[in-house]
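Presented below is the structure to which this report refers.
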Amino acid sequence: MVAGSYSKVSVSPVPLDRLWKASIDTRNLVPKLIPEQIASFELLEGHGGVGSLTQINFGEALKDLKYVKNRVETADDVNHVFKFSVVEGGDIGTKLKSCSFEIKMEPTSEGGTKTTVNMDYDTLGDSPLSQGEVEAMAGGVLGQTKAIEAHLQANPDAYA
């Protein structure tokens, strides 16, 4: 087993409050924005907050992946931190023993939002994931944020 981590920062011109509100509504919003990647979200347990279990069903663009199940670990509206663990699907059980993501949003001095995505994982084998594999996994989370950002820029009254 090899432990690994990855971190990526993205800056958006969208104000923190709007981007956070829309990001918390990911399960309703993202399948409408990028259906070729995310076909649907299903809430399996809970109400969407801490402890909830969600299944993300992938779209046609992600042919090698069918779904992942995520458990919400943290949903902090004050500090704008959302953390979840992948508990099933994707590479869990084939390449990975565990994988978790933390998304932290902070205001920028220009009135936008700085989003940091941190990923921690443990492999099943004795090799780390390749840089490409890690970037693809974290890129999925950042891609959702970028789709939400584009939607908010095109719709100034959404999540205001």
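Letters for chains follow the order of the structure tokens (A, B, ...), residue numbers begin at 1 for each chain, and ligand numbers begin at 1 in the order shown.
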
Each stretch 44-106 of chain A residue no farther than 12 Å from stretch 16-22 of chain A, nearest pair in Å, only C-alpha atoms, as a Markdown table:
```
| residue | atom | partner | partner_atom | distance |
| --- | --- | --- | --- | --- |
| A:Ala75 | CA | A:Trp20 | CA | 10.8 |
| A:Asp76 | CA | A:Trp20 | CA | 10.4 |
| A:Asp77 | CA | A:Trp20 | CA | 8.2 |
| A:Val78 | CA | A:Trp20 | CA | 10.4 |
| A:Asn79 | CA | A:Trp20 | CA | 10.4 |
| A:His80 | CA | A:Trp20 | CA | 6.9 |
| A:Val81 | CA | A:Trp20 | CA | 9.2 |
| A:Phe82 | CA | A:Trp20 | CA | 9.7 |
| A:Ile103 | CA | A:Trp20 | CA | 10.3 |
| A:Lys104 | CA | A:Trp20 | CA | 9.6 |
| A:Met105 | CA | A:Leu16 | CA | 7.0 |
| A:Glu106 | CA | A:Leu16 | CA | 6.7 |
```

Using only N, CA, C and O atoms, please write the residues we just selected to a file, as a PDB file, in the first residue's frame.
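Saved to again.pdb:
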```
ATOM      1  N   ALA A  75     -19.384  19.249   6.032  1.00  0.00           N
ATOM      2  CA  ALA A  75     -20.103  20.242   5.230  1.00  0.00           C
ATOM      3  C   ALA A  75     -20.202  21.494   6.100  1.00  0.00           C
ATOM      4  O   ALA A  75     -21.160  21.691   6.822  1.00  0.00           O
ATOM      5  N   ASP A  76     -19.173  22.320   6.038  1.00  0.00           N
ATOM      6  CA  ASP A  76     -19.025  23.478   6.918  1.00  0.00           C
ATOM      7  C   ASP A  76     -19.365  24.760   6.165  1.00  0.00           C
ATOM      8  O   ASP A  76     -18.543  25.280   5.393  1.00  0.00           O
ATOM      9  N   ASP A  77     -20.585  25.274   6.373  1.00  0.00           N
ATOM     10  CA  ASP A  77     -21.032  26.484   5.693  1.00  0.00           C
ATOM     11  C   ASP A  77     -20.335  27.747   6.197  1.00  0.00           C
ATOM     12  O   ASP A  77     -20.319  28.751   5.486  1.00  0.00           O
ATOM     13  N   VAL A  78     -19.769  27.714   7.388  1.00  0.00           N
ATOM     14  CA  VAL A  78     -19.090  28.897   7.944  1.00  0.00           C
ATOM     15  C   VAL A  78     -17.693  29.042   7.339  1.00  0.00           C
ATOM     16  O   VAL A  78     -17.297  30.109   6.890  1.00  0.00           O
ATOM     17  N   ASN A  79     -16.944  27.934   7.310  1.00  0.00           N
ATOM     18  CA  ASN A  79     -15.574  27.967   6.795  1.00  0.00           C
ATOM     19  C   ASN A  79     -15.474  27.539   5.329  1.00  0.00           C
ATOM     20  O   ASN A  79     -14.381  27.473   4.781  1.00  0.00           O
ATOM     21  N   HIS A  80     -16.606  27.204   4.722  1.00  0.00           N
ATOM     22  CA  HIS A  80     -16.674  26.822   3.310  1.00  0.00           C
ATOM     23  C   HIS A  80     -15.757  25.641   2.986  1.00  0.00           C
ATOM     24  O   HIS A  80     -14.930  25.706   2.079  1.00  0.00           O
ATOM     25  N   VAL A  81     -15.946  24.564   3.759  1.00  0.00           N
ATOM     26  CA  VAL A  81     -15.173  23.335   3.568  1.00  0.00           C
ATOM     27  C   VAL A  81     -16.148  22.186   3.391  1.00  0.00           C
ATOM     28  O   VAL A  81     -17.094  22.032   4.164  1.00  0.00           O
ATOM     29  N   PHE A  82     -15.902  21.388   2.360  1.00  0.00           N
ATOM     30  CA  PHE A  82     -16.712  20.205   2.088  1.00  0.00           C
ATOM     31  C   PHE A  82     -15.755  19.042   1.892  1.00  0.00           C
ATOM     32  O   PHE A  82     -14.814  19.139   1.101  1.00  0.00           O
ATOM     33  N   ILE A 103     -12.689  20.025  -0.357  1.00  0.00           N
ATOM     34  CA  ILE A 103     -12.820  21.235  -1.163  1.00  0.00           C
ATOM     35  C   ILE A 103     -12.965  22.402  -0.198  1.00  0.00           C
ATOM     36  O   ILE A 103     -13.862  22.420   0.636  1.00  0.00           O
ATOM     37  N   LYS A 104     -12.052  23.363  -0.310  1.00  0.00           N
ATOM     38  CA  LYS A 104     -12.077  24.550   0.565  1.00  0.00           C
ATOM     39  C   LYS A 104     -12.162  25.782  -0.316  1.00  0.00           C
ATOM     40  O   LYS A 104     -11.378  25.937  -1.249  1.00  0.00           O
ATOM     41  N   MET A 105     -13.131  26.646  -0.009  1.00  0.00           N
ATOM     42  CA  MET A 105     -13.303  27.887  -0.756  1.00  0.00           C
ATOM     43  C   MET A 105     -13.017  29.077   0.147  1.00  0.00           C
ATOM     44  O   MET A 105     -13.435  29.091   1.300  1.00  0.00           O
ATOM     45  N   GLU A 106     -12.314  30.059  -0.412  1.00  0.00           N
ATOM     46  CA  GLU A 106     -11.959  31.273   0.313  1.00  0.00           C
ATOM     47  C   GLU A 106     -12.173  32.477  -0.594  1.00  0.00           C
ATOM     48  O   GLU A 106     -11.976  32.376  -1.808  1.00  0.00           O
TER      49      GLU A 106
END
```

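When the distance limit is 6 Å and only C-alpha atoms are what count, the residues near A:Asn118, minus those fewer than 6 positions from it on the same chain, are A:Tyr6, A:Ser7, A:Phe101, A:Glu102.
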
Go ahead and save the picked residues with all heavy atoms, as an mmCIF file, in the first residue's frame.
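Result written to again_16.cif:
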```cif
data_model
loop_
_atom_site.group_PDB
_atom_site.id
_atom_site.type_symbol
_atom_site.label_atom_id
_atom_site.label_comp_id
_atom_site.auth_asym_id
_atom_site.auth_seq_id
_atom_site.Cartn_x
_atom_site.Cartn_y
_atom_site.Cartn_z
ATOM 1 N N TYR A 6 -2.648 14.896 -3.362
ATOM 2 C CA TYR A 6 -2.588 15.821 -4.485
ATOM 3 C C TYR A 6 -3.370 17.066 -4.088
ATOM 4 O O TYR A 6 -4.387 16.970 -3.394
ATOM 5 C CB TYR A 6 -3.214 15.174 -5.727
ATOM 6 C CG TYR A 6 -3.256 16.049 -6.952
ATOM 7 C CD1 TYR A 6 -2.132 16.219 -7.753
ATOM 8 C CD2 TYR A 6 -4.420 16.701 -7.327
ATOM 9 C CE1 TYR A 6 -2.162 17.023 -8.890
ATOM 10 C CE2 TYR A 6 -4.472 17.506 -8.460
ATOM 11 C CZ TYR A 6 -3.341 17.648 -9.231
ATOM 12 O OH TYR A 6 -3.382 18.444 -10.352
ATOM 13 N N SER A 7 -2.922 18.213 -4.554
ATOM 14 C CA SER A 7 -3.612 19.464 -4.253
ATOM 15 C C SER A 7 -3.608 20.336 -5.498
ATOM 16 O O SER A 7 -2.607 20.403 -6.215
ATOM 17 C CB SER A 7 -2.904 20.181 -3.107
ATOM 18 O OG SER A 7 -3.627 21.324 -2.730
ATOM 19 N N PHE A 101 -11.625 13.487 -0.616
ATOM 20 C CA PHE A 101 -11.424 14.816 -1.178
ATOM 21 C C PHE A 101 -11.872 15.868 -0.178
ATOM 22 O O PHE A 101 -12.864 15.682 0.527
ATOM 23 C CB PHE A 101 -12.266 14.999 -2.449
ATOM 24 C CG PHE A 101 -11.798 14.197 -3.613
ATOM 25 C CD1 PHE A 101 -12.256 12.901 -3.798
ATOM 26 C CD2 PHE A 101 -10.909 14.731 -4.522
ATOM 27 C CE1 PHE A 101 -11.832 12.146 -4.878
ATOM 28 C CE2 PHE A 101 -10.479 13.985 -5.610
ATOM 29 C CZ PHE A 101 -10.950 12.690 -5.787
ATOM 30 N N GLU A 102 -11.147 16.971 -0.146
ATOM 31 C CA GLU A 102 -11.548 18.138 0.622
ATOM 32 C C GLU A 102 -11.552 19.328 -0.326
ATOM 33 O O GLU A 102 -10.578 19.564 -1.031
ATOM 34 C CB GLU A 102 -10.581 18.417 1.772
ATOM 35 C CG GLU A 102 -10.969 19.654 2.567
ATOM 36 C CD GLU A 102 -9.935 20.023 3.601
ATOM 37 O OE1 GLU A 102 -8.874 20.555 3.209
ATOM 38 O OE2 GLU A 102 -10.199 19.782 4.792
#
```

From the set A:Ala39, A:Val72, A:Met137, A:Val14, which residue has the shortest atom-to-atom contact distance to A:Thr54, counting only C-alpha atoms? A:Val72

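Among the candidates A:Lys8, A:Lys97, A:Lys83, A:Arg71, the one nearest to A:Gly46 when counting only C-alpha atoms is A:Arg71.
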